[in-house]
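Enquirer: model.cif is the file, holding mmCIF, C-alpha atoms and all ligand atoms:
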data_work
#
loop_
_atom_site.group_PDB
_atom_site.id
_atom_site.type_symbol
_atom_site.label_atom_id
_atom_site.label_comp_id
_atom_site.auth_asym_id
_atom_site.auth_seq_id
_atom_site.Cartn_x
_atom_site.Cartn_y
_atom_site.Cartn_z
ATOM 1 C CA MET A 1 -3.931 7.456 28.531
ATOM 2 C CA LYS A 2 -1.130 6.197 26.297
ATOM 3 C CA ASP A 3 -2.013 2.679 27.378
ATOM 4 C CA ILE A 4 -5.606 3.093 26.196
ATOM 5 C CA ALA A 5 -4.403 4.515 22.883
ATOM 6 C CA ASN A 6 -2.101 1.519 22.465
ATOM 7 C CA SER A 7 -4.959 -0.890 23.218
ATOM 8 C CA PHE A 8 -7.010 0.772 20.493
ATOM 9 C CA GLY A 9 -4.043 0.503 18.152
ATOM 10 C CA VAL A 10 -3.769 -3.236 18.709
ATOM 11 C CA ALA A 11 -7.542 -3.710 18.368
ATOM 12 C CA ALA A 12 -7.480 -1.723 15.105
ATOM 13 C CA CYS A 13 -4.690 -3.941 13.690
ATOM 14 C CA GLY A 14 -6.645 -7.075 14.602
ATOM 15 C CA LEU A 15 -9.823 -5.624 13.130
ATOM 16 C CA VAL A 16 -8.104 -4.740 9.847
ATOM 17 C CA THR A 17 -6.616 -8.215 9.324
ATOM 18 C CA SER A 18 -9.961 -9.795 10.359
ATOM 19 C CA VAL A 19 -11.946 -7.776 7.805
ATOM 20 C CA LEU A 20 -9.328 -8.384 5.099
ATOM 21 C CA THR A 21 -9.392 -12.120 5.831
ATOM 22 C CA ALA A 22 -13.201 -12.205 5.680
ATOM 23 C CA LEU A 23 -13.036 -10.328 2.381
ATOM 24 C CA ALA A 24 -10.442 -12.744 0.973
ATOM 25 C CA VAL A 25 -12.551 -15.772 1.978
ATOM 26 C CA VAL A 26 -15.698 -14.371 0.312
ATOM 27 C CA VAL A 27 -13.900 -13.192 -2.847
ATOM 28 C CA MET A 28 -12.244 -16.599 -3.220
ATOM 29 C CA SER A 29 -15.548 -18.374 -2.724
ATOM 30 C CA ARG A 30 -17.263 -16.165 -5.349
ATOM 31 C CA MET A 31 -14.446 -16.585 -7.873
ATOM 32 C CA THR A 32 -13.692 -20.295 -7.500
ATOM 33 C CA GLY A 33 -16.816 -21.683 -5.813
ATOM 34 C CA PHE A 34 -14.567 -23.102 -3.096
ATOM 35 C CA ASP A 35 -15.622 -22.074 0.410
ATOM 36 C CA PHE A 36 -12.359 -22.086 2.353
ATOM 37 C CA PHE A 37 -13.924 -21.133 5.690
ATOM 38 C CA THR A 38 -16.117 -24.251 5.894
ATOM 39 C CA PHE A 39 -13.441 -26.586 4.493
ATOM 40 C CA SER A 40 -13.193 -29.466 6.967
ATOM 41 C CA ILE A 41 -11.550 -32.833 7.306
ATOM 42 C CA TRP A 42 -14.031 -35.604 8.148
ATOM 43 C CA VAL A 43 -16.755 -32.918 8.180
ATOM 44 C CA VAL A 44 -16.146 -31.904 11.791
ATOM 45 C CA VAL A 45 -12.446 -30.904 11.891
ATOM 46 C CA PRO A 46 -12.567 -27.253 10.792
ATOM 47 C CA VAL A 47 -9.191 -26.860 9.102
ATOM 48 C CA GLY A 48 -10.300 -23.930 6.931
ATOM 49 C CA ALA A 49 -11.737 -22.038 9.913
ATOM 50 C CA LEU A 50 -8.569 -22.697 11.913
ATOM 51 C CA LEU A 51 -6.319 -21.223 9.230
ATOM 52 C CA THR A 52 -8.754 -18.344 8.651
ATOM 53 C CA GLY A 53 -8.680 -17.575 12.391
ATOM 54 C CA PHE A 54 -4.902 -17.621 12.341
ATOM 55 C CA ALA A 55 -4.763 -15.170 9.426
ATOM 56 C CA ALA A 56 -7.453 -12.936 10.941
ATOM 57 C CA ALA A 57 -5.600 -12.709 14.268
ATOM 58 C CA SER A 58 -2.186 -12.014 12.718
ATOM 59 C CA GLY A 59 -2.880 -8.273 13.067
ATOM 60 C CA TYR A 60 -2.924 -8.601 16.863
ATOM 61 C CA TYR A 61 0.519 -10.119 16.761
ATOM 62 C CA PHE A 62 2.121 -7.314 14.816
ATOM 63 C CA GLY A 63 -0.001 -4.641 16.509
ATOM 64 C CA SER A 64 0.925 -5.918 19.943
ATOM 65 C CA LEU A 65 4.639 -5.824 19.117
ATOM 66 C CA TYR A 66 4.395 -2.444 17.373
ATOM 67 C CA PHE A 67 2.440 -0.732 20.147
ATOM 68 C CA HIS A 68 4.284 -2.563 22.916
ATOM 69 C CA LYS A 69 1.056 -3.818 24.368
ATOM 70 C CA ARG A 70 1.530 -7.093 26.215
ATOM 71 C CA ALA A 71 -0.946 -9.889 25.653
ATOM 72 C CA GLY A 72 -3.385 -9.914 28.557
ATOM 73 C CA LEU A 73 -6.976 -10.691 29.412
ATOM 74 C CA SER A 74 -8.352 -7.597 27.679
ATOM 75 C CA LEU A 75 -6.656 -8.618 24.430
ATOM 76 C CA LEU A 76 -8.019 -12.139 24.823
ATOM 77 C CA ALA A 77 -11.573 -10.836 25.338
ATOM 78 C CA GLN A 78 -11.217 -8.547 22.322
ATOM 79 C CA MET A 79 -10.003 -11.403 20.153
ATOM 80 C CA ILE A 80 -12.996 -13.578 21.038
ATOM 81 C CA VAL A 81 -15.527 -10.811 20.311
ATOM 82 C CA ILE A 82 -13.872 -9.813 17.030
ATOM 83 C CA ALA A 83 -13.621 -13.499 16.013
ATOM 84 C CA GLY A 84 -17.400 -13.881 16.449
ATOM 85 C CA LEU A 85 -18.086 -10.698 14.486
ATOM 86 C CA THR A 86 -15.693 -11.784 11.730
ATOM 87 C CA GLN A 87 -17.489 -15.082 11.271
ATOM 88 C CA LEU A 88 -20.792 -13.169 11.021
ATOM 89 C CA LEU A 89 -19.159 -10.788 8.554
ATOM 90 C CA ILE A 90 -18.105 -13.746 6.383
ATOM 91 C CA TYR A 91 -21.727 -14.952 6.344
ATOM 92 C CA TYR A 92 -23.056 -11.451 5.742
ATOM 93 C CA MET A 93 -20.701 -10.704 2.859
ATOM 94 C CA GLY A 94 -21.576 -14.081 1.353
ATOM 95 C CA TYR A 95 -25.257 -13.064 1.637
ATOM 96 C CA SER A 96 -24.915 -9.575 0.223
ATOM 97 C CA THR A 97 -22.874 -10.722 -2.788
ATOM 98 C CA LEU A 98 -24.982 -13.753 -3.698
ATOM 99 C CA VAL A 99 -26.628 -13.293 -7.096
ATOM 100 C CA LEU A 100 -28.882 -15.971 -8.607
ATOM 101 C CA ASN A 101 -28.493 -17.202 -12.186
ATOM 102 C CA ASP A 102 -31.393 -14.998 -13.285
ATOM 103 C CA GLY A 103 -29.566 -11.921 -12.025
ATOM 104 C CA ARG A 104 -31.663 -11.382 -8.863
ATOM 105 C CA ARG A 105 -29.809 -10.513 -5.699
ATOM 106 C CA VAL A 106 -30.706 -12.855 -2.846
ATOM 107 C CA SER A 107 -30.558 -9.956 -0.377
ATOM 108 C CA ASP A 108 -33.417 -8.243 -2.254
ATOM 109 C CA PHE A 109 -35.985 -10.868 -1.303
ATOM 110 C CA ILE A 110 -34.700 -12.923 1.669
ATOM 111 C CA PRO A 111 -33.752 -11.455 5.085
ATOM 112 C CA PHE A 112 -30.248 -12.287 6.364
ATOM 113 C CA GLY A 113 -31.508 -14.550 9.187
ATOM 114 C CA GLN A 114 -33.462 -16.732 6.793
ATOM 115 C CA TYR A 115 -30.563 -16.897 4.323
ATOM 116 C CA LEU A 116 -28.221 -17.967 7.135
ATOM 117 C CA ASP A 117 -30.610 -20.706 8.273
ATOM 118 C CA ILE A 118 -30.949 -22.049 4.712
ATOM 119 C CA SER A 119 -27.242 -21.872 3.941
ATOM 120 C CA LEU A 120 -26.190 -23.583 7.197
ATOM 121 C CA THR A 121 -28.756 -26.374 7.069
ATOM 122 C CA SER A 122 -28.670 -27.067 3.324
ATOM 123 C CA ALA A 123 -24.870 -27.168 3.089
ATOM 124 C CA HIS A 124 -23.248 -30.297 1.684
ATOM 125 C CA TYR A 125 -19.912 -31.632 2.893
ATOM 126 C CA SER A 126 -17.825 -34.312 1.293
ATOM 127 C CA ILE A 127 -15.990 -37.050 3.158
ATOM 128 C CA GLY A 128 -12.670 -38.661 2.417
ATOM 129 C CA ARG A 129 -10.690 -38.972 -0.786
ATOM 130 C CA ALA A 130 -13.637 -40.336 -2.675
ATOM 131 C CA MET A 131 -15.411 -37.040 -1.835
ATOM 132 C CA THR A 132 -18.564 -38.900 -0.798
ATOM 133 C CA ASP A 133 -21.343 -36.336 -0.425
ATOM 134 C CA THR A 134 -23.066 -36.099 2.978
ATOM 135 C CA GLY A 135 -26.254 -34.722 1.480
ATOM 136 C CA GLU A 136 -27.911 -31.748 3.206
ATOM 137 C CA VAL A 137 -26.599 -31.512 6.753
ATOM 138 C CA GLY A 138 -29.892 -30.175 8.162
ATOM 139 C CA SER A 139 -29.910 -28.787 11.708
ATOM 140 C CA PHE A 140 -26.489 -30.375 12.245
ATOM 141 C CA GLY A 141 -25.279 -27.395 10.188
ATOM 142 C CA TYR A 142 -25.588 -25.233 13.305
ATOM 143 C CA TRP A 143 -23.239 -27.570 15.144
ATOM 144 C CA LEU A 144 -20.837 -27.409 12.232
ATOM 145 C CA ALA A 145 -20.960 -23.597 12.377
ATOM 146 C CA ALA A 146 -20.158 -23.859 16.102
ATOM 147 C CA PHE A 147 -17.217 -26.207 15.382
ATOM 148 C CA GLN A 148 -16.014 -23.737 12.791
ATOM 149 C CA PHE A 149 -16.226 -20.916 15.318
ATOM 150 C CA VAL A 150 -14.141 -22.985 17.748
ATOM 151 C CA GLY A 151 -11.650 -23.683 14.948
ATOM 152 C CA PHE A 152 -11.553 -19.981 14.108
ATOM 153 C CA LEU A 153 -10.932 -19.156 17.788
ATOM 154 C CA VAL A 154 -8.200 -21.772 18.172
ATOM 155 C CA GLY A 155 -6.433 -20.311 15.118
ATOM 156 C CA GLY A 156 -6.586 -16.881 16.771
ATOM 157 C CA LEU A 157 -5.576 -18.152 20.199
ATOM 158 C CA SER A 158 -2.427 -19.713 18.781
ATOM 159 C CA VAL A 159 -1.426 -16.158 17.820
ATOM 160 C CA TYR A 160 -2.176 -15.100 21.410
ATOM 161 C CA GLY A 161 -0.021 -18.005 22.635
ATOM 162 C CA PHE A 162 2.952 -16.791 20.565
ATOM 163 C CA LEU A 163 2.572 -13.344 22.108
ATOM 164 C CA ALA A 164 2.121 -14.551 25.669
ATOM 165 C CA THR A 165 5.387 -16.548 25.609
ATOM 166 C CA LYS A 166 7.564 -13.794 24.124
ATOM 167 C CA PRO A 167 10.278 -12.535 26.475
ATOM 168 C CA VAL A 168 9.478 -9.198 28.146
ATOM 169 C CA CYS A 169 11.255 -6.614 30.287
ATOM 170 C CA GLU A 170 9.272 -6.812 33.523
ATOM 171 C CA LYS A 171 10.575 -3.439 34.681
ATOM 172 C CA CYS A 172 9.439 -1.485 31.606
ATOM 173 C CA ASN A 173 6.565 -3.837 30.685
ATOM 174 C CA LEU A 174 7.824 -3.998 27.080
ATOM 175 C CA TYR A 175 8.545 -6.820 24.638
ATOM 176 C CA LEU A 176 12.255 -7.430 24.242
ATOM 177 C CA ARG A 177 13.752 -7.114 20.759
ATOM 178 C CA PRO A 178 16.116 -9.769 19.366
ATOM 179 C CA LEU A 179 19.546 -8.146 18.923
ATOM 180 C CA SER A 180 21.702 -11.003 17.675
ATOM 181 C CA LYS A 181 21.703 -14.753 17.457
ATOM 182 C CA ARG A 182 24.038 -17.713 17.231
ATOM 183 C CA GLU A 183 23.495 -21.369 16.368
ATOM 184 C CA LYS A 184 25.579 -24.357 17.307
ATOM 185 C CA THR A 185 25.089 -27.978 16.326
ATOM 186 C CA PHE A 186 26.718 -30.693 18.454
ATOM 187 C CA SER A 187 27.078 -34.285 17.266
ATOM 188 C CA ASP A 188 25.307 -35.572 20.417
ATOM 189 C CA GLY A 189 24.229 -34.689 23.951
ATOM 190 C CA ASP A 190 27.637 -35.501 25.431
ATOM 191 C CA SER A 191 29.437 -33.086 23.150
ATOM 192 C CA ALA A 192 26.807 -30.390 23.849
ATOM 193 C CA SER A 193 27.146 -30.521 27.628
ATOM 194 C CA PRO A 194 30.617 -28.853 27.946
ATOM 195 C CA TYR A 195 28.936 -25.855 26.319
ATOM 196 C CA TYR A 196 25.389 -26.087 27.663
ATOM 197 C CA ASP A 197 26.189 -27.010 31.263
ATOM 198 C CA ALA A 198 29.198 -24.692 31.596
ATOM 199 C CA LEU A 199 27.944 -21.522 29.901
ATOM 200 C CA PHE A 200 26.213 -19.867 32.833
ATOM 201 C CA GLU A 201 28.723 -21.204 35.364
ATOM 202 C CA HIS A 202 30.982 -18.402 34.151
ATOM 203 C CA PRO A 203 30.381 -14.691 34.836
ATOM 204 C CA VAL A 204 28.650 -13.283 31.728
ATOM 205 C CA ASP A 205 31.146 -10.422 31.463
ATOM 206 C CA GLY A 206 34.179 -12.702 31.640
ATOM 207 C CA PRO A 207 36.408 -14.145 28.869
ATOM 208 C CA GLU A 208 35.291 -17.805 29.340
ATOM 209 C CA PHE A 209 31.674 -16.861 28.723
ATOM 210 C CA ALA A 210 32.601 -14.870 25.613
ATOM 211 C CA ALA A 211 34.728 -17.746 24.288
ATOM 212 C CA LEU A 212 31.848 -20.240 24.709
ATOM 213 C CA ILE A 213 29.356 -17.936 22.978
ATOM 214 C CA ARG A 214 31.786 -17.392 20.106
ATOM 215 C CA SER A 215 32.796 -21.045 19.723
ATOM 216 C CA GLU A 216 31.787 -22.574 16.387
ATOM 217 C CA GLU A 217 30.120 -25.994 16.466
ATOM 218 C CA LYS A 218 28.816 -27.404 13.222
ATOM 219 C CA ALA A 219 27.718 -31.031 13.144
ATOM 220 C CA LYS A 220 25.832 -32.414 10.150
ATOM 221 C CA ALA A 221 22.082 -32.765 10.773
ATOM 222 C CA GLU A 222 21.518 -36.458 11.529
ATOM 223 C CA LYS A 223 19.981 -38.575 14.267
ATOM 224 C CA GLY A 224 20.999 -37.486 17.773
ATOM 225 C CA VAL A 225 22.508 -34.152 16.743
ATOM 226 C CA VAL A 226 21.746 -31.327 19.190
ATOM 227 C CA LEU A 227 20.998 -27.798 17.948
ATOM 228 C CA VAL A 228 21.285 -24.887 20.368
ATOM 229 C CA LYS A 229 19.899 -21.519 19.243
ATOM 230 C CA THR A 230 21.097 -18.650 21.385
ATOM 231 C CA VAL A 231 19.340 -15.292 21.042
ATOM 232 C CA LEU A 232 20.395 -12.081 22.744
ATOM 233 C CA HIS A 233 17.365 -9.892 23.466
ATOM 234 C CA GLY A 234 17.403 -6.278 24.600
ATOM 235 C CA CYS A 235 14.821 -3.943 26.109
ATOM 236 C CA PRO A 236 14.152 -1.014 23.738
ATOM 237 C CA LYS A 237 13.866 1.373 26.715
ATOM 238 C CA CYS A 238 16.199 0.489 29.584
ATOM 239 C CA LYS A 239 18.596 -1.540 27.348
ATOM 240 C CA SER A 240 18.722 -4.440 29.799
ATOM 241 C CA GLN A 241 19.489 -7.762 28.104
ATOM 242 C CA LEU A 242 18.365 -11.373 28.278
ATOM 243 C CA ILE A 243 19.713 -14.549 26.709
ATOM 244 C CA GLU A 244 17.245 -17.122 25.455
ATOM 245 C CA GLU A 245 18.398 -20.593 24.432
ATOM 246 C CA LYS A 246 16.239 -23.081 22.578
ATOM 247 C CA VAL A 247 17.354 -26.670 22.116
ATOM 248 C CA GLN A 248 16.313 -29.096 19.386
ATOM 249 C CA VAL A 249 17.341 -32.708 18.804
ATOM 250 C CA HIS A 250 17.375 -34.355 15.377
ATOM 251 C CA ASN A 251 15.442 -37.629 15.273
ATOM 252 C CA GLY A 252 16.799 -38.802 11.921
ATOM 253 C CA SER A 253 14.212 -37.050 9.782
ATOM 254 C CA GLU A 254 13.476 -33.712 11.472
ATOM 255 C CA TRP A 255 14.261 -31.402 14.395
ATOM 256 C CA LYS A 256 12.250 -31.957 17.579
ATOM 257 C CA ASP A 257 11.975 -29.290 20.281
ATOM 258 C CA ALA A 258 13.544 -30.253 23.588
ATOM 259 C CA ASP A 259 11.458 -27.740 25.545
ATOM 260 C CA LYS A 260 12.784 -28.845 28.940
ATOM 261 C CA LEU A 261 16.240 -27.595 27.992
ATOM 262 C CA ASN A 262 15.041 -24.161 26.897
ATOM 263 C CA ARG A 263 16.188 -21.404 29.211
ATOM 264 C CA ARG A 264 16.091 -17.657 29.699
ATOM 265 C CA VAL A 265 18.744 -15.888 31.677
ATOM 266 C CA THR A 266 18.535 -12.200 32.588
ATOM 267 C CA ILE A 267 21.820 -10.351 32.162
ATOM 268 C CA PRO A 268 22.750 -7.965 35.009
ATOM 269 C CA ASP A 269 22.045 -4.275 34.346
ATOM 270 C CA GLY A 270 24.849 -2.384 32.667
ATOM 271 C CA VAL A 271 26.343 -5.458 30.931
ATOM 272 C CA ASP A 272 26.233 -5.233 27.121
ATOM 273 C CA LEU A 273 26.887 -8.574 25.428
ATOM 274 C CA LEU A 274 26.237 -7.463 21.864
ATOM 275 C CA SER A 275 29.956 -7.201 21.065
ATOM 276 C CA ILE A 276 30.605 -10.839 21.977
ATOM 277 C CA PHE A 277 27.694 -12.059 19.830
ATOM 278 C CA ARG A 278 28.881 -10.159 16.787
ATOM 279 C CA PRO A 279 32.156 -11.344 15.307
HETATM 280 ZN ZN ZN A 301 13.341 -2.375 30.194
#
I need this file expressed as structure tokens, please.
Ligand SMILES: [Zn+2]
Expert:
Amino acid sequence: MKDIANSFGVAACGLVTSVLTALAVVVMSRMTGFDFFTFSIWVVVPVGALLTGFAAASGYYFGSLYFHKRAGLSLLAQMIVIAGLTQLLIYYMGYSTLVLNDGRRVSDFIPFGQYLDISLTSAHYSIGRAMTDTGEVGSFGYWLAAFQFVGFLVGGLSVYGFLATKPVCEKCNLYLRPLSKREKTFSDGDSASPYYDALFEHPVDGPEFAALIRSEEKAKAEKGVVLVKTVLHGCPKCKSQLIEEKVQVHNGSEWKDADKLNRRVTIPDGVDLLSIFRP
């Protein structure tokens, strides 16, 4: 029963951010004349729809964490349905707020279906920096609407992806909460390995482990420097802990994820490492 209530809670959060996003898109379009939702690069890459989908789905992210509802197939199905309805809502709000120069409301004399057909097929897109106009897109406008729906979905699914990879307590079926974190930067891979390779060779409740976690390593960010982010997570219910390490390598201009070196290690029950993370 509680599980169903939580599912509704998450759906409600996603619905709220979806409606708010649709509202923001339509208000912006009415005020500035710029239609963010259909904004595309090279006509077919739906950047605006992608970002809109991301914003619309943000409610699922926070709702899922708040209600402790893990991302699963039912959430995925919900997100797809609500994404479709949100896109329709954007069209419908555009329709119901469209007023002609002579003060007549479009919705008073054209049905929604006809308006949608006209607005999709008579849309103009511009290409490139020179903003070359494509002219009316005609029936290709339906394809563009489909691309935009895919973009909108991909934006939302990236939120789902964040959720699905978050560490969880399998026993309690809850998302873990970050308790504390540490960062070390090593001048290169060789200087990182005495820490990285040795850390979990030691018992986690022993002094060597604590000393490695507490050690300070601060190399200046430049090519080849290795950054290790260590986060201690805890289950809000059974208090069991997990250490997650993410590794990045500097390529001279920015940090690049070294996903292969990322690791998650479950700490045995009853061991509390918070005191060694906090100075
Ligand atoms: Zn737990």
Enquirer: Might you pull out every residue within 9 Å of stretch 40-47 of chain A, with only C-alpha atoms counted and same-chain residues fewer than 2 positions away left off, and present them as a list in words?
Expert: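 Counting only C-alpha atoms, the residues come to Phe36, Phe37, Thr38, Ala49, Leu50, Leu51, Thr52, Tyr125, Ser126, Ile127, Gly128, Thr134, Trp143, Leu144, Phe147, Gln148, Phe149, Val150, Gly151 and Phe152 of chain A.
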Enquirer: What residues have an atom no more than 9 Å from (-3.1, -17.7, 17.3) in the file's own frame, counting all atoms listed in the file, and can you write them as a VMD selection string?
Expert: chain A and resid 53 to 55 57 to 58 61 153 to 163
Enquirer: I need the residue nearest A:Pro111 from this list: A:Ser275, A:Asn251, A:Ser96, A:Gln87. Use all atoms listed in the file for the distance.
Expert: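 The shortest atom-to-atom distance to A:Pro111 comes from A:Ser96.
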Enquirer: Please produce, as CSV, a per-residue contact table for chain A versus ligand ZN 301 (chain A) (criterion: any atom at most 10 Å away, all atoms listed in the file considered), showing the nearest atom pair and its distance in Å to one decimal, sorted by chain then residue number.
Expert:
residue,atom,partner,partner_atom,distance
A:Val168,CA,A:ZN301,ZN,8.1
A:Cys169,CA,A:ZN301,ZN,4.7
A:Glu170,CA,A:ZN301,ZN,6.9
A:Lys171,CA,A:ZN301,ZN,5.4
A:Cys172,CA,A:ZN301,ZN,4.2
A:Asn173,CA,A:ZN301,ZN,6.9
A:Leu174,CA,A:ZN301,ZN,6.5
A:Tyr175,CA,A:ZN301,ZN,8.6
A:Leu176,CA,A:ZN301,ZN,7.9
A:Gly234,CA,A:ZN301,ZN,7.9
A:Cys235,CA,A:ZN301,ZN,4.6
A:Pro236,CA,A:ZN301,ZN,6.6
A:Lys237,CA,A:ZN301,ZN,5.1
A:Cys238,CA,A:ZN301,ZN,4.1
A:Lys239,CA,A:ZN301,ZN,6.0
A:Ser240,CA,A:ZN301,ZN,5.8
A:Gln241,CA,A:ZN301,ZN,8.4
A:Asp269,CA,A:ZN301,ZN,9.8
Enquirer: Which neighbours of A:Gly14 fall inside 8 Å, counting only C-alpha atoms, when residues of the same chain fewer than 6 positions from it are skipped, and could you give them as a PDB file with C-alpha atoms, in the coordinates of the input?
Expert:
ATOM      1  CA  ALA A  56      -7.453 -12.936  10.941  1.00  0.00           C
ATOM      2  CA  ALA A  57      -5.600 -12.709  14.268  1.00  0.00           C
ATOM      3  CA  SER A  58      -2.186 -12.014  12.718  1.00  0.00           C
ATOM      4  CA  GLY A  59      -2.880  -8.273  13.067  1.00  0.00           C
ATOM      5  CA  TYR A  60      -2.924  -8.601  16.863  1.00  0.00           C
ATOM      6  CA  GLY A  63      -0.001  -4.641  16.509  1.00  0.00           C
ATOM      7  CA  MET A  79     -10.003 -11.403  20.153  1.00  0.00           C
TER       8      MET A  79
END
Enquirer: Report as number ranges by chain all protein, DNA and RNA residues lying within 12 Å of A:Ala77, evaluated on all atoms listed in the file, omitting residues in the same chain fewer than 3 positions from it.
Expert: A: 11, 71-74, 80-84, 153, 156-157, 160
Enquirer: Quick one: pull the distance between atom CA of A:Phe109 and atom CA of A:Tyr91, Å, one decimal.
Expert: 16.7 Å
Enquirer: For A:Thr185, please output as a PyMOL selection string all residues within 7 Å (counting only C-alpha atoms; exclusion window: fewer than 4 positions along the same chain).
Expert: chain A and resi 217-219+225-228
Enquirer: Find the spatial neighbours of A:Thr86, counting all atoms listed in the file, within a cut-off of 9 Å - ignore same-chain residues fewer than 6 positions away - and output them as a list of chain:residue names.
Expert: A:Leu15, A:Ser18, A:Val19, A:Thr21, A:Ala22, A:Ala56
Enquirer: If you apply the PyMOL selection byres (((chain A and resi 273) around 12) and not hetatm) to this file, what residues do you get, as a VMD selection string?
Expert: chain A and resid 179 to 181 203 to 207 209 to 210 213 to 214 231 to 234 239 to 243 266 to 272 274 to 279
Enquirer: Name every residue that the PyMOL selection byres (((chain A and resi 192) around 12) and not hetatm) selects in this structure, writing the answer as a VMD selection string with chains first and numbers rising.
Expert: chain A and resid 184 to 191 193 to 199 212 215 to 219 224 to 228 247 to 249 261
Enquirer: Have a look at atom CA of A:Ala145 and atom CA of A:Leu120 and let me know their distance in Å, one decimal.
Expert: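 Computing it gives 7.4 Å between the two atoms.
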Enquirer: Go through A:Phe39, A:Phe67, A:Phe140, A:Tyr92 one by one, measure the shortest atom-to-atom distance of each to A:Leu23 using all atoms listed in the file, and give the residue with the smallest value.
Expert: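 When distances to A:Leu23 are compared using all atoms listed in the file, the smallest one comes from A:Tyr92.
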Enquirer: Counting only C-alpha atoms, figure out which residue out of A:Asn101, A:Gln78, A:Ser64, A:Thr32 gets nearest to A:Val10.
Expert: A:Ser64
Enquirer: Evaluate the PyMOL selection byres (((chain A and resi 182) around 6) and not hetatm) and record the selected residues as a list in words, following the chain and residue labels used in the document.
Expert: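 Here the PyMOL selection byres (((chain A and resi 182) around 6) and not hetatm) matches Lys181, Glu183, Lys229 and Thr230 of chain A.
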